[in-house]
Amino acid sequence: MNKSNLLPQQYPLRQSLNDEVHSRPTETLWPQERVFHIALLVQGDVTPQIVSQLLALVDYCGCKPVSDAELAAPQVSLSLCGGESALRLRLERHNEFITLTFFERADHAIVFDRPVTRRLPPSWMASLPGTMLVAIELFVQKTETPREPRTVAGYFDGNTLIGGMIANGAGQVFSDLKIADRGATRILICNLKMGSRQLGRVVQRTIEMETYRMMALLSFPVARATLPKLSSYEDRLVKLATEMAATSQSEVLLEVTAADVEIDHHLLSQLTDLAAKVEQLSAENRVRFTAAEAYTDLVKKRIAELKEIPMVGMQTFGEFMDRRLGPAMKTCTWTARRQDELAARISRVTQLLRTRVEVERESQNQRLLTSMDKRAKAQLRLQETVEGLSIVAISYYGASLMGYLAKGAKGLGWAVSPDLVTAVAIPVIAVLSYVSMHAMKKRMGLKA
């Protein structure tokens, strides 16, 4: 082996990262195809149920056995039947939903005549996990010339049609985006001159456009349910802010009483409770509103990729989504913004009230310190008075003791005058007491 050709050690996820851009490949379609697509909303891991259902389908169709690991992959493609009656299944797992798309080769041009589900096991579709949000019956019809809207209106019960030329004139798409009698939305694609892969891309984009439209609209009921709550919270905030302004003592802080502080604490408690409710509401809705924005962007991208050309008397999908989906999504965007703005306003009012409470508390503390200082000075003066009296008492008792000692000494024959000793002892004892007391206070830090 030529070691000069060896490459550096590769990043562990290099292969999977490279394969990511090749995931979800476009189906190669016949000139005429029946397509049935469903999207199921799921919660948690439903892989075991999906694998079980797919195994039952494989066994029912008698196709090549598939391992559980293959059926548990993020994308699964199965060829259930071959030949003239070819039937294929493509399953994809997304964050919030899973999709199953069946492709059946159509041997004639009779539109929406037979559902693809007729070839599935009885009750197989009803046994799938999750709840169905999207169901689409799509028929690809090979035509030589463009079809007029009036010639296809019967396939849609005479409803107003949406669509037009697509793929720069290589095909047409028609739909009413309504749920028909079999519980699915019908879409007709007329294949004028599209190749098999281009046709596959057009079908995939059309299906994804409708799927992402419905996923985006999941946030609309949430927004409508949220708006009354936001109005209630906003009214409550206005009342609290008005009450806070009415009880403001900013100009006379020295007159703030304990009752004023208690009122502010009550207001702060109510604001905190309101902030908690708004944050809870925002936390519950944020993911849904963020997802709606992302799905709306995907819808617009898929419509742009269809490369629509308007037909006289018909709305294109782009125009229809702008006029119908656009307002609903703007409602969701406005609701999300209103949530954020309300939370910010509550935060500002709360901060103002907290600042006021702190200032009032500091004012109370200042008044308390001033009162304590006055009491300390009064106690100091009283203490100094007591100290003077203490010196007098000590001097009195000390001089008395010295007088008794002098009398005792005189009784022993000493030439001592008790009265003189007492007179001399009084000032001496008083001075010593004064000096000792002040030295002790200095050691204790009571006096500089």
# chains A, B, ... in the order shown; residues from 1 in each chain; ligands from 1
>>> residues_around(residues="A:Phe139", least_positions_apart="5", cutoff="7 Å", atoms="only C-alpha atoms", output="ChimeraX atom specification")
/A:33-35,111-112,187-189
>>> residues_around(residues="stretch 53-66 of chain A", least_positions_apart="6", cutoff="7 Å", atoms="only C-alpha atoms", output="PDB file with N, CA and C atoms, in the first residue's frame")
ATOM      1  N   LEU A  80     -43.751  -2.452  -2.317  1.00  0.00           N
ATOM      2  CA  LEU A  80     -44.713  -3.451  -1.858  1.00  0.00           C
ATOM      3  C   LEU A  80     -45.168  -4.369  -2.987  1.00  0.00           C
ATOM      4  N   CYS A  81     -45.310  -3.814  -4.192  1.00  0.00           N
ATOM      5  CA  CYS A  81     -45.703  -4.616  -5.349  1.00  0.00           C
ATOM      6  C   CYS A  81     -44.973  -4.076  -6.576  1.00  0.00           C
ATOM      7  N   PRO A 121     -54.180  -3.604   3.982  1.00  0.00           N
ATOM      8  CA  PRO A 121     -54.964  -4.505   4.832  1.00  0.00           C
ATOM      9  C   PRO A 121     -56.136  -3.763   5.465  1.00  0.00           C
TER      10      PRO A 121
END
>>> closest_residue(among="A:Gln9, A:Ala393, A:Asp157, A:Pro418", to="A:Leu405", atoms="only C-alpha atoms")
A:Pro418
>>> select_by_dssp(residues="stretch 105-349 of chain A", states="helix (DSSP H, G or I)", output="number ranges by chain")
A: 116-119, 125-127, 149-156, 167-169, 196-217, 219-246, 253-255, 258-306, 317-349
>>> closest_residue(among="A:Met437, A:Val42, A:Ala246, A:Ala184", to="A:Leu267", atoms="only C-alpha atoms")
A:Ala246
>>> closest_residue(among="A:Leu128, A:Val21, A:Val431, A:Leu138", to="A:Gly388", atoms="only C-alpha atoms")
A:Val431
>>> closest_residue(among="A:Ala336, A:Met132, A:Val278, A:Ile166", to="A:Cys190", atoms="only C-alpha atoms")
A:Ile166
>>> closest_residue(among="A:Gln339, A:Gln383, A:Ser219, A:Ser77", to="A:Val287", atoms="only C-alpha atoms")
A:Ser219
>>> residues_around(residues="stretch 87-96 of chain A", least_positions_apart="5", cutoff="6 Å", atoms="only C-alpha atoms", output="list in words")
Pro74, Gln75, Val76, Ser77, Leu78, Ser79, Leu80, Cys81, Thr101, Phe102, Phe103 and Glu104 of chain A
>>> write_last_selection(atoms="C-alpha atoms", output="mmCIF file, in the first residue's frame")
data_model
loop_
_atom_site.group_PDB
_atom_site.id
_atom_site.type_symbol
_atom_site.label_atom_id
_atom_site.label_comp_id
_atom_site.auth_asym_id
_atom_site.auth_seq_id
_atom_site.Cartn_x
_atom_site.Cartn_y
_atom_site.Cartn_z
ATOM 1 C CA PRO A 74 -35.717 7.838 9.987
ATOM 2 C CA GLN A 75 -36.632 7.233 6.334
ATOM 3 C CA VAL A 76 -38.086 3.960 5.065
ATOM 4 C CA SER A 77 -38.766 3.103 1.416
ATOM 5 C CA LEU A 78 -40.609 -0.114 0.595
ATOM 6 C CA SER A 79 -41.520 -1.606 -2.768
ATOM 7 C CA LEU A 80 -44.713 -3.451 -1.858
ATOM 8 C CA CYS A 81 -45.703 -4.616 -5.349
ATOM 9 C CA THR A 101 -46.756 8.392 1.244
ATOM 10 C CA PHE A 102 -48.017 5.633 -1.071
ATOM 11 C CA PHE A 103 -47.264 5.710 -4.797
ATOM 12 C CA GLU A 104 -49.284 3.563 -7.216
#
>>> closest_residue(among="A:Pro48, A:Pro427, A:Gly326, A:Gly164", to="A:Leu71", atoms="only C-alpha atoms")
A:Pro48
>>> atom_distance(atom1="atom CA of A:Leu237", atom2="atom CA of A:Glu284")
20.6 Å
>>> atom_distance(atom1="atom CA of A:Asn365", atom2="atom CA of A:Asp273")
27.8 Å
>>> select_by_dssp(residues="stretch 145-381 of chain A", states="strand (DSSP E or B)", output="mmCIF file with C-alpha atoms, in the first residue's frame")
data_model
loop_
_atom_site.group_PDB
_atom_site.id
_atom_site.type_symbol
_atom_site.label_atom_id
_atom_site.label_comp_id
_atom_site.auth_asym_id
_atom_site.auth_seq_id
_atom_site.Cartn_x
_atom_site.Cartn_y
_atom_site.Cartn_z
ATOM 1 C CA ILE A 162 -56.379 27.164 -6.836
ATOM 2 C CA GLY A 163 -53.283 26.567 -8.937
ATOM 3 C CA GLY A 164 -51.974 27.231 -12.390
ATOM 4 C CA MET A 165 -48.975 26.426 -14.527
ATOM 5 C CA ILE A 166 -45.912 25.136 -12.684
ATOM 6 C CA GLY A 171 -47.051 21.078 -15.847
ATOM 7 C CA GLN A 172 -50.211 22.229 -14.105
ATOM 8 C CA VAL A 173 -51.569 21.841 -10.601
ATOM 9 C CA PHE A 174 -55.190 22.160 -9.463
ATOM 10 C CA SER A 175 -56.754 21.883 -6.000
ATOM 11 C CA ASP A 176 -59.428 23.400 -3.789
ATOM 12 C CA LEU A 177 -57.504 22.596 -0.580
ATOM 13 C CA LYS A 178 -60.723 21.276 0.950
ATOM 14 C CA ILE A 179 -61.347 17.924 2.607
ATOM 15 C CA THR A 185 -57.606 16.877 0.199
ATOM 16 C CA ARG A 186 -57.529 16.349 -3.553
ATOM 17 C CA ILE A 187 -54.720 17.634 -5.783
ATOM 18 C CA LEU A 188 -54.450 17.096 -9.540
ATOM 19 C CA ILE A 189 -51.126 17.512 -11.335
ATOM 20 C CA CYS A 190 -51.184 17.543 -15.131
ATOM 21 C CA ASN A 191 -47.903 16.268 -16.540
ATOM 22 C CA ILE A 309 -47.213 30.880 -13.719
ATOM 23 C CA GLN A 315 -55.374 32.179 -7.783
#
>>> residues_around(residues="A:Glu84", least_positions_apart="5", cutoff="12 Å", atoms="only C-alpha atoms", output="PDB file with C-alpha atoms, in the first residue's frame")
ATOM      1  CA  TRP A  30     -44.326   7.164 -13.789  1.00  0.00           C
ATOM      2  CA  GLN A  32     -49.299   8.755 -14.405  1.00  0.00           C
ATOM      3  CA  GLU A  33     -49.393   8.035 -10.663  1.00  0.00           C
ATOM      4  CA  GLU A 104     -49.284   3.563  -7.216  1.00  0.00           C
ATOM      5  CA  ARG A 105     -48.802   3.356 -10.937  1.00  0.00           C
ATOM      6  CA  ALA A 106     -52.021   4.469 -12.675  1.00  0.00           C
ATOM      7  CA  ASP A 107     -52.805   2.575 -15.879  1.00  0.00           C
ATOM      8  CA  HIS A 108     -55.530   4.965 -17.047  1.00  0.00           C
TER       9      HIS A 108
END
>>> residues_around(residues="A:Lys307", least_positions_apart="2", cutoff="8 Å", atoms="only C-alpha atoms", output="PyMOL selection string")
chain A and resi 166-168+303-305+309
>>> atom_distance(atom1="atom CA of A:Ser231", atom2="atom CA of A:Ser347")
17.1 Å
